[in-house]
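A quick write-up on the structure given underneath.
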Amino acid sequence: MLSGKLPFIGNLPGDISIKRDNFSFYFPLTTSILLSIVFSFIMWLINR
């Protein structure tokens with residue numbers, strides 16, 4: 001969803017992307033961890 005607006009989202013080292021002839025698999029592992037940390041920090045700031 002955000003990959004068109006933010007070019008680094010989904011292209012970080014650690015994101016898993018497997019492309020074969022008739023199969024493609026993508027799992028944004030590093031992106032998910034980074035977004036989780038940012039979201040947790042924002043929630044911590046709000047609840048302080």
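So you can find residues: chains in the structure tokens are A, B, ... in the order shown, residues in each start at 1, and ligands are numbered from 1 in order.
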
Practice task
Name the residues in contact with Pro28 (chain A) at a cut-off of 7 Å, using only C-alpha atoms, excluding same-chain residues fewer than 2 positions from it; report them as a list in words.
Solution key: Gly10, Asp15, Ile16, Tyr26, Thr30, Thr31 and Ser32 of chain A

For the residues in the current selection, export C-alpha atoms as a PDB file, in the first residue's frame.
ATOM      1  CA  GLY A  10       9.452  -3.112   1.071  1.00  0.00           C
ATOM      2  CA  ASP A  15      12.802  -8.490   3.225  1.00  0.00           C
ATOM      3  CA  ILE A  16      12.244 -11.912   1.681  1.00  0.00           C
ATOM      4  CA  TYR A  26       7.152 -11.788  -0.754  1.00  0.00           C
ATOM      5  CA  THR A  30      12.524  -6.120   8.079  1.00  0.00           C
ATOM      6  CA  THR A  31       9.866  -3.625   7.038  1.00  0.00           C
ATOM      7  CA  SER A  32       7.384  -5.215   9.455  1.00  0.00           C
TER       8      SER A  32
END

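Note that the spacing between CA of Ile33 (chain A) and CA of Ser17 (chain A) amounts to 16.0 Å.
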
Problem - Atomic distance CA of Pro13 (chain A) - CA of Ser36 (chain A), expressed in Å with one decimal - result: 16.3 Å
